[in-house]
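Listing of start_4.cif; format and content: mmCIF, C-alpha atoms.
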```cif
data_protein
loop_
_atom_site.label_atom_id
_atom_site.label_comp_id
_atom_site.auth_asym_id
_atom_site.auth_seq_id
_atom_site.Cartn_x
_atom_site.Cartn_y
_atom_site.Cartn_z
CA MET A 119 41.46 -31.75 -38.38
CA ASN A 120 43.24 -30.84 -35.18
CA THR A 121 43.99 -33.43 -32.56
CA VAL A 122 41.19 -33.62 -30.03
CA ALA A 123 42.17 -31.61 -26.98
CA SER A 124 39.37 -32.52 -24.61
CA LYS A 125 37.08 -35.43 -24.12
CA SER A 126 34.54 -35.70 -26.96
CA ASN A 127 30.96 -36.88 -26.73
CA VAL A 128 31.99 -40.31 -28.02
CA GLU A 129 34.81 -40.48 -25.49
CA SER A 130 32.59 -39.40 -22.61
CA GLU A 131 29.91 -41.88 -23.71
CA PHE A 132 32.50 -44.65 -23.81
CA LEU A 133 33.80 -43.93 -20.30
CA GLU A 134 30.29 -43.67 -18.86
CA ILE A 135 29.15 -46.98 -20.38
CA ASP A 136 32.41 -48.63 -19.35
CA SER A 137 32.21 -47.45 -15.75
CA LYS A 138 28.68 -48.87 -15.45
CA GLY A 139 29.45 -52.10 -17.30
CA ALA A 140 26.50 -51.27 -19.52
CA TRP A 141 27.77 -52.60 -22.87
CA PRO A 142 25.36 -55.58 -22.84
CA LEU A 143 22.45 -53.17 -22.24
CA LEU A 144 23.48 -50.90 -25.13
CA TYR A 145 24.01 -53.91 -27.37
CA GLN A 146 20.58 -55.33 -26.43
CA HIS A 147 19.00 -51.94 -27.15
CA ILE A 148 20.52 -51.91 -30.65
CA ARG A 149 19.29 -55.45 -31.31
CA ASN A 150 15.80 -54.56 -30.13
CA GLU A 151 15.63 -51.59 -32.49
CA CYS A 152 16.65 -53.82 -35.39
CA LEU A 153 13.73 -56.15 -34.65
CA ASN A 154 11.53 -53.41 -36.10
CA TYR A 155 13.16 -53.77 -39.52
CA ASP A 156 10.79 -55.49 -41.95
CA TYR A 157 13.34 -56.46 -44.60
CA THR A 158 12.88 -59.86 -46.24
CA PHE A 159 15.44 -62.56 -47.04
CA SER A 160 13.30 -64.92 -49.08
CA GLU A 161 16.06 -65.77 -51.61
CA ALA A 162 18.24 -67.18 -48.83
CA ARG A 163 15.41 -69.45 -47.70
CA LYS A 164 14.70 -71.01 -51.09
CA SER A 165 15.43 -74.73 -51.11
CA GLN A 166 18.05 -74.47 -53.86
CA ASN A 167 19.95 -71.80 -51.94
CA LYS A 168 19.89 -73.17 -48.39
CA ASN A 169 23.08 -75.18 -48.82
CA LEU A 170 24.87 -72.04 -50.06
CA ASN A 171 24.64 -70.46 -46.58
CA ARG A 172 27.38 -71.24 -44.07
CA TYR A 173 25.05 -70.53 -41.12
CA ARG A 174 21.34 -71.21 -41.38
CA ASP A 175 20.24 -67.98 -39.69
CA VAL A 176 22.69 -65.47 -41.18
CA SER A 177 20.92 -64.51 -44.39
CA PRO A 178 21.35 -61.61 -46.81
CA TYR A 179 18.46 -59.15 -47.11
CA ASP A 180 16.77 -59.29 -50.51
CA HIS A 181 16.91 -55.54 -51.14
CA SER A 182 20.70 -55.27 -50.73
CA ARG A 183 21.96 -58.72 -51.70
CA VAL A 184 24.65 -59.03 -54.37
CA VAL A 185 23.18 -60.67 -57.48
CA LEU A 186 25.49 -62.73 -59.70
CA SER A 187 25.08 -62.18 -63.43
CA LYS A 188 26.33 -65.54 -64.68
CA GLY A 189 27.35 -68.92 -63.35
CA PRO A 190 25.17 -71.75 -62.05
CA CYS A 191 22.94 -69.42 -59.99
CA ASP A 192 22.52 -65.73 -59.12
CA TYR A 193 22.63 -66.22 -55.32
CA ILE A 194 25.49 -65.60 -52.91
CA ASN A 195 25.32 -64.84 -49.18
CA ALA A 196 26.55 -61.26 -49.55
CA ASN A 197 25.17 -57.74 -49.11
CA LEU A 198 26.22 -54.39 -50.50
CA VAL A 199 26.43 -52.04 -47.50
CA THR A 200 26.22 -48.39 -48.58
CA MET A 201 27.19 -45.56 -46.23
CA GLU A 202 26.43 -42.46 -48.29
CA ARG A 203 27.48 -39.94 -45.64
CA ALA A 204 30.92 -41.56 -45.47
CA HIS A 205 31.14 -42.10 -49.26
CA ARG A 206 31.77 -45.78 -48.59
CA GLN A 207 30.50 -49.05 -49.98
CA TYR A 208 31.43 -52.51 -48.71
CA ILE A 209 30.44 -56.01 -49.79
CA LEU A 210 30.04 -58.05 -46.60
CA THR A 211 29.91 -61.80 -47.10
CA GLN A 212 30.48 -65.11 -45.36
CA GLY A 213 33.70 -67.08 -45.61
CA PRO A 214 33.33 -69.20 -48.77
CA LEU A 215 32.29 -72.84 -48.54
CA PRO A 216 33.97 -75.44 -50.78
CA HIS A 217 31.07 -75.28 -53.26
CA THR A 218 30.72 -71.46 -53.17
CA ALA A 219 34.36 -70.45 -53.77
CA GLY A 220 33.56 -70.02 -57.46
CA HIS A 221 30.56 -67.79 -56.63
CA PHE A 222 32.84 -65.73 -54.36
CA TRP A 223 35.42 -65.05 -57.07
CA LEU A 224 32.72 -64.43 -59.66
CA MET A 225 31.34 -61.71 -57.38
CA VAL A 226 34.81 -60.17 -57.06
CA TRP A 227 35.16 -60.20 -60.86
CA GLU A 228 31.70 -58.82 -61.65
CA GLN A 229 31.80 -56.10 -58.98
CA ASN A 230 35.23 -54.91 -60.16
CA CYS A 231 36.62 -55.21 -56.63
CA LYS A 232 40.19 -54.14 -56.04
CA ALA A 233 40.66 -55.93 -52.73
CA VAL A 234 39.43 -58.70 -50.46
CA LEU A 235 39.69 -58.19 -46.70
CA MET A 236 39.80 -61.46 -44.76
CA LEU A 237 39.48 -61.02 -40.99
CA ASN A 238 39.58 -64.68 -39.88
CA ARG A 239 41.80 -67.72 -40.17
CA ILE A 240 40.91 -70.85 -42.07
CA ILE A 241 40.89 -72.86 -38.82
CA GLU A 242 39.85 -71.35 -35.49
CA LYS A 243 39.20 -73.21 -32.24
CA ASN A 244 39.70 -76.52 -34.06
CA GLN A 245 36.90 -75.69 -36.50
CA VAL A 246 37.00 -74.87 -40.21
CA LYS A 247 35.68 -71.32 -40.43
CA CYS A 248 36.39 -70.69 -44.11
CA HIS A 249 37.32 -72.67 -47.19
CA GLN A 250 40.87 -72.29 -48.55
CA TYR A 251 39.74 -70.25 -51.56
CA TRP A 252 43.12 -69.17 -52.95
CA PRO A 253 46.20 -71.20 -53.97
CA LEU A 254 48.89 -71.58 -51.33
CA ASP A 255 51.77 -71.80 -53.81
CA SER A 256 52.68 -69.52 -56.68
CA GLY A 257 53.28 -72.52 -58.92
CA SER A 258 49.70 -73.86 -58.74
CA ASP A 259 46.47 -72.33 -60.04
CA LEU A 260 43.04 -72.64 -58.49
CA GLU A 261 40.70 -73.58 -61.34
CA LEU A 262 37.02 -72.63 -61.01
CA PRO A 263 35.36 -74.22 -64.06
CA ASP A 264 31.80 -73.63 -62.83
CA VAL A 265 32.26 -69.87 -63.25
CA GLY A 266 35.02 -69.83 -65.88
CA LEU A 267 37.72 -68.28 -63.67
CA LYS A 268 41.10 -69.21 -62.25
CA VAL A 269 43.14 -67.73 -59.39
CA GLN A 270 46.93 -67.47 -59.19
CA LEU A 271 49.15 -66.41 -56.29
CA VAL A 272 51.49 -63.71 -57.61
CA SER A 273 53.19 -62.51 -54.42
CA GLU A 274 52.89 -62.64 -50.64
CA SER A 275 54.37 -60.57 -47.82
CA GLU A 276 53.91 -60.96 -44.06
CA ALA A 277 53.67 -58.44 -41.26
CA PRO A 278 53.45 -59.39 -37.58
CA TYR A 279 49.65 -59.40 -37.56
CA TYR A 280 48.52 -59.57 -41.19
CA THR A 281 49.54 -60.95 -44.58
CA THR A 282 49.21 -59.15 -47.90
CA ARG A 283 48.89 -61.16 -51.11
CA THR A 284 48.50 -60.29 -54.76
CA LEU A 285 46.13 -62.73 -56.45
CA ARG A 286 45.63 -62.75 -60.21
CA LEU A 287 42.04 -63.45 -61.24
CA THR A 288 41.68 -64.54 -64.88
CA GLU A 289 38.59 -65.11 -66.99
CA THR A 290 39.48 -68.29 -68.85
CA GLU A 291 37.27 -67.68 -71.91
CA SER A 292 38.55 -64.18 -72.74
CA GLY A 293 41.98 -64.42 -71.12
CA ASN A 294 41.40 -61.09 -69.37
CA SER A 295 42.96 -60.87 -65.93
CA ARG A 296 42.97 -58.54 -62.96
CA ASP A 297 45.17 -58.38 -59.86
CA ILE A 298 43.33 -58.47 -56.53
CA ILE A 299 44.94 -57.41 -53.25
CA HIS A 300 44.20 -59.89 -50.47
CA PHE A 301 44.56 -58.36 -46.99
CA HIS A 302 44.48 -61.16 -44.42
CA TYR A 303 44.24 -60.06 -40.77
CA THR A 304 45.41 -63.09 -38.80
CA THR A 305 45.22 -62.06 -35.12
CA TRP A 306 41.51 -61.40 -34.53
CA PRO A 307 39.76 -64.17 -32.52
CA ASP A 308 36.30 -65.40 -33.50
CA PHE A 309 33.58 -63.78 -31.36
CA GLY A 310 36.37 -61.75 -29.72
CA VAL A 311 38.33 -58.55 -30.17
CA PRO A 312 41.98 -57.68 -30.74
CA GLU A 313 44.06 -56.97 -27.65
CA SER A 314 44.21 -53.24 -28.51
CA PRO A 315 43.23 -50.97 -31.41
CA THR A 316 46.85 -50.16 -32.38
CA ALA A 317 47.49 -53.06 -34.74
CA PHE A 318 43.93 -52.96 -36.05
CA LEU A 319 44.15 -49.24 -36.88
CA ASN A 320 47.48 -49.69 -38.62
CA PHE A 321 45.94 -52.51 -40.66
CA LEU A 322 43.05 -50.20 -41.57
CA MET A 323 45.49 -47.50 -42.69
CA VAL A 324 47.39 -50.00 -44.87
CA VAL A 325 44.11 -50.96 -46.54
CA ARG A 326 43.21 -47.29 -47.04
CA GLU A 327 46.58 -46.40 -48.52
CA SER A 328 46.20 -49.16 -51.11
CA GLY A 329 43.19 -47.36 -52.58
CA ALA A 330 40.96 -50.38 -52.01
CA LEU A 331 38.31 -48.25 -50.25
CA ASP A 332 38.27 -45.44 -52.82
CA GLN A 333 35.13 -44.47 -54.70
CA ASN A 334 36.66 -44.95 -58.17
CA VAL A 335 36.99 -48.75 -57.75
CA GLY A 336 34.55 -51.51 -56.92
CA PRO A 337 33.62 -51.99 -53.26
CA PRO A 338 36.02 -54.10 -51.20
CA VAL A 339 34.84 -57.58 -50.23
CA VAL A 340 35.01 -57.87 -46.42
CA HIS A 341 34.50 -61.23 -44.78
CA CYS A 342 35.13 -63.24 -41.64
CA SER A 343 33.32 -66.53 -41.05
CA ALA A 344 29.71 -65.32 -41.00
CA GLY A 345 30.40 -61.86 -42.42
CA ILE A 346 28.71 -59.94 -39.61
CA GLY A 347 30.87 -59.80 -36.44
CA ARG A 348 34.45 -58.89 -37.26
CA SER A 349 33.39 -57.63 -40.69
CA GLY A 350 30.82 -55.31 -39.17
CA THR A 351 33.35 -54.00 -36.66
CA PHE A 352 35.85 -53.15 -39.41
CA CYS A 353 33.27 -51.28 -41.51
CA LEU A 354 31.81 -49.41 -38.53
CA VAL A 355 35.22 -48.12 -37.41
CA ASP A 356 36.26 -47.14 -40.94
CA SER A 357 32.99 -45.31 -41.70
CA CYS A 358 33.01 -43.43 -38.40
CA LEU A 359 36.61 -42.32 -38.91
CA VAL A 360 35.71 -40.98 -42.37
CA LEU A 361 32.86 -38.99 -40.83
CA ILE A 362 35.23 -37.69 -38.16
CA GLU A 363 37.71 -36.55 -40.82
CA GLU A 364 35.00 -34.59 -42.57
CA SER A 365 32.92 -33.19 -39.70
CA GLY A 366 34.76 -33.78 -36.45
CA LEU A 367 34.32 -36.25 -33.60
CA GLU A 368 31.38 -34.35 -32.10
CA SER A 369 29.28 -35.03 -35.21
CA VAL A 370 29.45 -38.82 -34.99
CA ASN A 371 26.83 -40.95 -33.27
CA VAL A 372 28.29 -44.47 -33.31
CA ARG A 373 25.02 -46.16 -32.41
CA GLU A 374 23.15 -44.45 -35.26
CA VAL A 375 25.86 -45.35 -37.76
CA LEU A 376 25.65 -49.01 -36.72
CA LEU A 377 21.85 -49.01 -36.99
CA GLU A 378 22.16 -47.54 -40.48
CA MET A 379 24.63 -50.25 -41.51
CA ARG A 380 22.34 -52.96 -40.12
CA ARG A 381 19.69 -51.88 -42.63
CA TYR A 382 21.83 -53.50 -45.33
CA ARG A 383 23.02 -56.68 -43.57
CA MET A 384 21.61 -58.28 -40.46
CA GLY A 385 23.44 -58.70 -37.17
CA LEU A 386 26.50 -56.54 -37.80
CA ILE A 387 28.71 -56.69 -34.68
CA GLN A 388 27.90 -59.84 -32.73
CA THR A 389 28.94 -59.19 -29.13
CA PRO A 390 29.00 -56.37 -26.59
CA ASP A 391 32.81 -56.66 -26.54
CA GLN A 392 32.97 -56.02 -30.29
CA LEU A 393 30.77 -52.95 -29.83
CA ARG A 394 33.05 -51.74 -27.03
CA PHE A 395 36.14 -52.32 -29.15
CA SER A 396 34.58 -50.32 -32.00
CA TYR A 397 34.13 -47.27 -29.75
CA TRP A 398 37.67 -47.67 -28.44
CA ALA A 399 39.18 -47.91 -31.94
CA ILE A 400 37.17 -44.90 -33.16
CA ILE A 401 38.39 -42.79 -30.23
CA GLU A 402 42.00 -43.89 -30.59
CA GLY A 403 41.90 -43.42 -34.37
CA SER A 404 40.49 -39.92 -34.10
CA ASN A 405 43.11 -38.95 -31.50
CA LYS A 406 45.92 -40.05 -33.83
CA TYR A 407 44.93 -38.01 -36.88
CA ILE A 408 47.27 -35.09 -37.51
CA ASN A 409 46.01 -31.98 -39.30
CA GLY A 410 43.47 -33.88 -41.37
CA SER A 411 46.01 -36.44 -42.60
CA ASN A 412 44.94 -40.01 -43.30
CA ILE A 413 48.19 -41.33 -41.83
CA LEU A 414 48.12 -42.63 -38.28
CA ARG A 415 51.23 -42.09 -36.21
CA GLN A 416 52.37 -44.56 -33.61
CA SER A 417 51.12 -43.67 -30.13
CA ASP A 418 53.58 -42.45 -27.53
CA ALA A 419 53.53 -41.40 -23.92
CA SER A 420 52.69 -37.79 -24.80
CA ASP A 421 49.60 -38.61 -26.88
CA ASN A 422 46.46 -36.86 -25.73
CA THR A 423 44.41 -40.07 -25.58
CA ILE A 424 42.27 -41.78 -23.00
CA GLU A 425 44.20 -43.30 -20.14
CA LEU A 426 45.03 -46.91 -21.01
CA SER A 427 44.07 -47.94 -17.50
CA ALA A 428 40.56 -46.73 -18.28
CA ILE A 429 40.38 -48.73 -21.50
CA THR A 430 41.60 -52.25 -21.08
CA PRO A 431 40.16 -55.36 -22.71
CA ASN A 432 36.97 -56.36 -20.94
CA HIS A 433 37.39 -59.98 -19.88
CA SER A 434 34.27 -60.13 -17.74
CA GLN A 435 32.37 -61.77 -20.60
CA PRO A 436 33.99 -64.89 -22.04
CA THR A 437 34.43 -64.62 -25.81
CA GLU A 438 36.72 -67.59 -26.34
CA GLU A 439 34.83 -70.30 -24.48
CA GLN A 440 34.89 -73.56 -26.43
CA PRO A 441 31.28 -74.43 -27.28
CA PRO A 442 29.49 -77.77 -27.12
CA GLN A 443 27.02 -78.68 -29.91
CA PRO A 444 26.00 -76.09 -32.51
CA PRO A 445 22.99 -73.90 -32.31
CA PRO A 446 22.88 -71.54 -35.29
CA ARG A 447 25.52 -68.83 -35.67
CA GLY A 448 23.05 -66.04 -35.28
CA ALA A 449 21.84 -66.86 -31.77
CA SER A 450 23.03 -63.32 -31.07
CA LEU A 451 20.56 -61.98 -33.64
CA SER A 452 17.39 -62.79 -31.71
CA ARG A 453 18.24 -63.72 -28.13
CA PRO A 454 20.13 -61.99 -25.31
CA GLN A 455 23.88 -62.24 -25.75
CA VAL A 456 25.55 -64.87 -23.62
CA ALA A 457 28.79 -66.76 -23.88
CA ASN A 458 29.67 -68.05 -27.33
CA ASN A 459 27.90 -71.35 -27.88
CA HIS A 460 28.57 -71.84 -31.57
CA VAL A 461 30.60 -74.14 -33.69
CA ASP A 462 30.75 -74.21 -37.44
CA SER A 463 28.77 -77.29 -38.43
CA GLU A 464 28.90 -76.86 -42.20
CA GLU A 465 32.32 -78.36 -42.90
CA GLN A 466 33.15 -80.60 -39.99
CA PRO A 467 32.86 -84.39 -40.40
CA PRO A 468 30.39 -85.97 -37.95
CA ASP A 469 31.76 -87.59 -34.81
CA LYS A 470 35.36 -86.85 -35.80
CA PRO A 471 37.58 -84.40 -33.91
CA LEU A 472 39.23 -81.80 -36.09
CA PRO A 473 42.97 -81.13 -35.85
CA SER A 474 44.31 -78.33 -33.72
CA GLU A 475 44.71 -74.87 -35.19
CA PRO A 476 48.27 -74.28 -36.42
CA PRO A 477 50.09 -72.02 -33.97
CA PRO A 478 50.97 -68.55 -35.28
CA PRO A 479 54.66 -67.78 -35.80
CA PRO A 480 56.36 -65.83 -32.98
CA THR A 481 56.06 -62.13 -33.64
CA ARG A 482 57.22 -58.96 -31.92
CA PRO A 483 54.37 -57.06 -30.20
CA LEU A 484 53.71 -53.57 -31.50
CA PRO A 485 55.25 -50.76 -29.43
CA ASN A 486 53.07 -49.26 -26.71
CA THR A 487 50.44 -51.95 -27.08
CA PRO A 488 48.64 -52.60 -23.77
CA GLY A 489 49.43 -56.00 -22.36
CA SER A 490 52.36 -56.65 -24.69
CA SER A 491 55.79 -57.59 -23.51
CA ASP A 492 59.02 -58.42 -25.28
CA GLU A 493 60.00 -60.93 -22.61
CA GLY A 494 59.60 -64.53 -23.69
CA SER A 495 57.39 -63.65 -26.69
CA TYR A 496 59.96 -62.90 -29.39
CA GLN A 497 63.39 -64.15 -30.28
CA SER A 498 65.75 -61.84 -32.10
CA PRO A 499 66.13 -62.71 -35.78
CA PRO A 500 69.51 -63.43 -37.31
CA SER A 501 71.54 -60.35 -38.02
CA SER A 502 71.99 -61.15 -41.71
CA PRO A 503 69.14 -60.02 -44.04
CA GLU A 504 69.65 -63.17 -46.09
CA SER A 505 69.28 -65.30 -42.95
CA ARG A 506 66.12 -63.44 -41.94
CA ASP A 507 64.64 -63.96 -45.40
CA GLY A 508 65.51 -67.64 -45.24
CA VAL A 509 63.88 -68.04 -41.83
CA ALA A 510 60.74 -66.21 -42.98
CA ARG A 511 60.49 -68.34 -46.11
CA ARG A 512 60.96 -71.53 -44.11
CA ARG A 513 58.29 -70.51 -41.61
CA ARG A 514 55.86 -69.65 -44.40
CA ALA A 515 56.53 -72.95 -46.10
CA GLU A 516 56.08 -74.90 -42.85
CA ARG A 517 52.85 -73.10 -42.01
CA LYS A 518 51.46 -73.64 -45.51
CA GLU A 519 52.33 -77.33 -45.29
CA ARG A 520 50.58 -77.63 -41.90
CA VAL A 521 47.42 -75.92 -43.15
CA THR A 522 47.42 -77.93 -46.38
CA GLN A 523 47.86 -81.21 -44.49
CA GLN A 524 45.11 -80.34 -42.03
CA VAL A 525 42.69 -79.50 -44.83
CA ARG A 526 43.56 -82.81 -46.52
CA ASP A 527 43.03 -84.70 -43.27
CA MET A 528 39.68 -83.08 -42.66
CA LYS A 529 38.50 -83.81 -46.19
CA ARG A 530 39.65 -87.42 -45.83
CA LYS A 531 37.79 -87.79 -42.53
CA GLN A 532 34.70 -86.19 -43.99
CA GLN A 533 34.80 -88.55 -46.97
CA ALA A 534 35.24 -91.50 -44.62
CA ALA A 535 32.26 -90.38 -42.57
CA GLU A 536 30.14 -89.95 -45.70
CA SER A 537 31.20 -93.39 -46.95
CA TRP A 538 30.21 -94.90 -43.61
CA GLN A 539 26.80 -93.22 -43.78
CA GLN A 540 26.29 -94.55 -47.31
CA MET A 541 27.34 -98.05 -46.23
CA LYS A 542 24.90 -97.95 -43.32
CA ARG A 543 22.12 -96.93 -45.68
CA SER A 544 23.03 -99.71 -48.12
CA ILE A 545 22.93 -102.28 -45.29
CA LEU A 546 19.82 -101.02 -43.56
CA GLN A 547 17.72 -100.46 -46.68
CA PRO A 548 17.56 -104.16 -47.77
CA LEU A 549 17.07 -105.20 -44.17
CA THR A 550 14.17 -102.79 -43.82
CA ILE A 551 12.64 -104.00 -47.08
CA GLY A 552 13.06 -107.63 -45.99
CA ILE A 553 11.36 -106.99 -42.66
CA GLY A 554 8.52 -105.18 -44.44
CA VAL A 555 8.01 -108.07 -46.87
CA GLY A 556 8.11 -110.58 -43.99
CA VAL A 557 5.47 -108.64 -42.07
CA LEU A 558 3.23 -108.56 -45.15
CA LEU A 559 3.59 -112.32 -45.70
CA ILE A 560 2.83 -113.14 -42.07
CA GLY A 561 -0.12 -110.77 -42.10
CA GLY A 562 -1.40 -112.34 -45.29
CA ALA A 563 -1.10 -115.85 -43.84
CA ILE A 564 -3.00 -114.87 -40.70
CA ALA A 565 -5.73 -113.23 -42.74
CA TYR A 566 -5.99 -116.29 -45.01
CA SER A 567 -6.27 -118.63 -42.00
CA TYR A 568 -8.95 -116.48 -40.44
CA LEU A 569 -11.01 -116.30 -43.59
CA SER A 570 -10.64 -120.05 -44.21
CA SER A 571 -11.92 -120.84 -40.73
CA ARG A 572 -15.03 -118.72 -41.29
CA VAL A 573 -15.95 -120.44 -44.56
#
```

Can I see the file as structure tokens?
Amino acid sequence: MNTVASKSNVESEFLEIDSKGAWPLLYQHIRNECLNYDYTFSEARKSQNKNLNRYRDVSPYDHSRVVLSKGPCDYINANLVTMERAHRQYILTQGPLPHTAGHFWLMVWEQNCKAVLMLNRIIEKNQVKCHQYWPLDSGSDLELPDVGLKVQLVSESEAPYYTTRTLRLTETESGNSRDIIHFHYTTWPDFGVPESPTAFLNFLMVVRESGALDQNVGPPVVHCSAGIGRSGTFCLVDSCLVLIEESGLESVNVREVLLEMRRYRMGLIQTPDQLRFSYWAIIEGSNKYINGSNILRQSDASDNTIELSAITPNHSQPTEEQPPQPPPRGASLSRPQVANNHVDSEEQPPDKPLPSEPPPPPTRPLPNTPGSSDEGSYQSPPSSPESRDGVARRRRAERKERVTQQVRDMKRKQQAAESWQQMKRSILQPLTIGIGVGVLLIGGAIAYSYLSSRV
């Protein structure tokens, strides 16, 4: 496909919506259309499955949910999203909870998945957004006896904005094993968008080149915290770019593609800013294809793309505001979109502040990324390759230790809070019984006196 020489329909639509600040209106229109869907999610609402959902109002539709074949139950909060026109399938799911990590890996095993795409961090805004579901060290295995699997860390490599791991998944009974590629995008804020599409598109191309999205392997597992916002954005951009490769930019209607995807999992793309970023990434991705190639080149000053001054991150709507108490995650599913007022209530101990998110290591901004600057944001590495490797290993080790310690601290605080609740119940229950018995005795005495006086 030749590089787009003039503004396409998608590009013109983007600029028109942007100039009018009409992204909330378009987003509301999409949500309103989805209210007409009559798909059920009765399995998610069953009493035995409620505690398997990270957010109480982000539920998988019954008709497209992934069904587990073995293990303690057949339920997992995950949907198979099928985009036939783009020859794509994705499994979109929530970030695993401590008691669903086994279900997560069982799904990966049974669906023959080649890769897992993780678009969030374990801790974001001082909240646990996902359980640590893989081992941090190559010397330790993660045992999952409830599903008969174990996970090993084989290798790990870091880029400035994502980490790639090879995880070995082994069925303990048969001894059969399979290597899973774990792509971990680490610079995408919850309820927000990346600073520009450049790093995101390069991440997408790395995933594509691995073969993880090919038709001859199982569908990739894509997750963030709820499995609808960042996950939906990734799948929308990828599917639209496939359609552009095959039929050209003029043939793609982004809104219709999103509505089609929402027929398989509710609430995909959670904010107007995420919808805006999707359009932007689709336009930039299509402008960087060369002669039908799947390889994106780095942008330069001569690229025939939209003026960067016309597409800058929209900060008029706060996406990083720290929330107070939690309403459900999916407030965006049924009510007009406002500032983020969510916190993850599933894993936080009551009345205890969680530790701060570990700061990311200093990295060099990508070239030609809007808003990036080399000044004060990056320090030159040592000239020796051995020294650079040593620094990288030390940073990885320090970061792993911080995350591990924070998870330990949070579990300890949660256990302390649970112990306190149990102690309160043990104290109050006898007291309540004693008061009840006392009331009965007094009432009996009064009744006896009354009856005696009447005789």

As a check of understanding, name the residues that the PyMOL selection byres ((chain A and resi 399) around 9) selects in the supplied structure, as a PyMOL selection string. chain A and resi 314-316+318-319+355+394-398+400-404

Surrounding residues of range 248-252 of chain A excluding itself and chain neighbours under 2 positions, 7 Å, only C-alpha atoms, as a compact mmCIF listing (two decimals) with C-alpha atoms, in the frame of the given file:
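Final output, saved to around00.txt:
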```
# COMPACT_ATOMS: atom_id res chain seq x y z
CA GLY A 213 33.70 -67.08 -45.61
CA PRO A 214 33.33 -69.20 -48.77
CA LEU A 215 32.29 -72.84 -48.54
CA PRO A 216 33.97 -75.44 -50.78
CA ALA A 219 34.36 -70.45 -53.77
CA ILE A 240 40.91 -70.85 -42.07
CA VAL A 246 37.00 -74.87 -40.21
CA LEU A 254 48.89 -71.58 -51.33
CA LEU A 260 43.04 -72.64 -58.49
CA VAL A 269 43.14 -67.73 -59.39
CA SER A 343 33.32 -66.53 -41.05
```

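For Cys191 in chain A, the set of protein, DNA and RNA residues having any atom at most 12 Å away, when counting all atoms listed in the file and skipping those fewer than 2 positions along the same chain, is Glu161, Gln166, Asn167, Leu170, Val184, Val185, Leu186, Ser187, Lys188, Gly189, Tyr193, Ile194, Asn195, Thr218, Gly220, His221, Phe222, Leu224, Met225, Asp264 and Val265 of chain A.
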
Just checking: using only C-alpha atoms, which residue out of A:Val234, A:Leu393, A:Ile135, A:Leu377 ends up closest to Val325 in chain A? A:Val234

Atom-to-atom span, CA of Gly336 in chain A and CA of Arg163 in chain A, Å: 27.8 Å

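Counting only C-alpha atoms and comparing A:Lys406, A:Arg348, A:Arg373, A:Arg520, the residue that lies closest to Gln392 in chain A is A:Arg348.
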
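The closest residue to Gln388 in chain A, picked from A:Leu237, A:Leu558, A:Leu376, A:Ile346 and counting all atoms listed in the file, is A:Ile346.
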
For His302 in chain A, find every residue with an atom within 7 Å (counting all atoms listed in the file), except residues of its own chain fewer than 4 positions away, and show them as number ranges by chain. A: 235-237, 280-282

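The two atoms in question, CA of Arg283 in chain A and CA of His300 in chain A, are spaced 4.9 Å apart.
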
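Nearest to Asn197 in chain A of all the residues A:Ala344, A:Leu144, A:Val335, A:Leu267 is A:Ala344, based on only C-alpha atoms.
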
Rank nothing, just name the residue among A:Ser258, A:Asn169, A:Ser177, A:Gln207 nearest to Tyr157 in chain A, using all atoms listed in the file. A:Ser177

On this structure, which residues satisfy the PyMOL selection byres ((chain A and resi 127) around 9), written as a VMD selection string? chain A and resid 125 to 126 128 to 132 367 to 371

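Note that CA of Lys168 in chain A and CA of Leu262 in chain A are 21.3 Å apart.
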
Distance query 9 Å from (41.6, -64.2, -65.1) using only C-alpha atoms, result as a PyMOL selection string: chain A and resi 227+266-270+286-297

Pick out the closest residue to Asp156 in chain A from this set: A:Ala204, A:Leu285, A:Cys353, A:Met384. Count all atoms listed in the file. A:Met384

Could you tell me, as a PyMOL selection string, exactly which residues end up selected when the PyMOL selection byres ((chain A and resi 145) around 12) is applied to this structure? chain A and resi 135+139-144+146-152+372-373+376-377+385-394+450-456
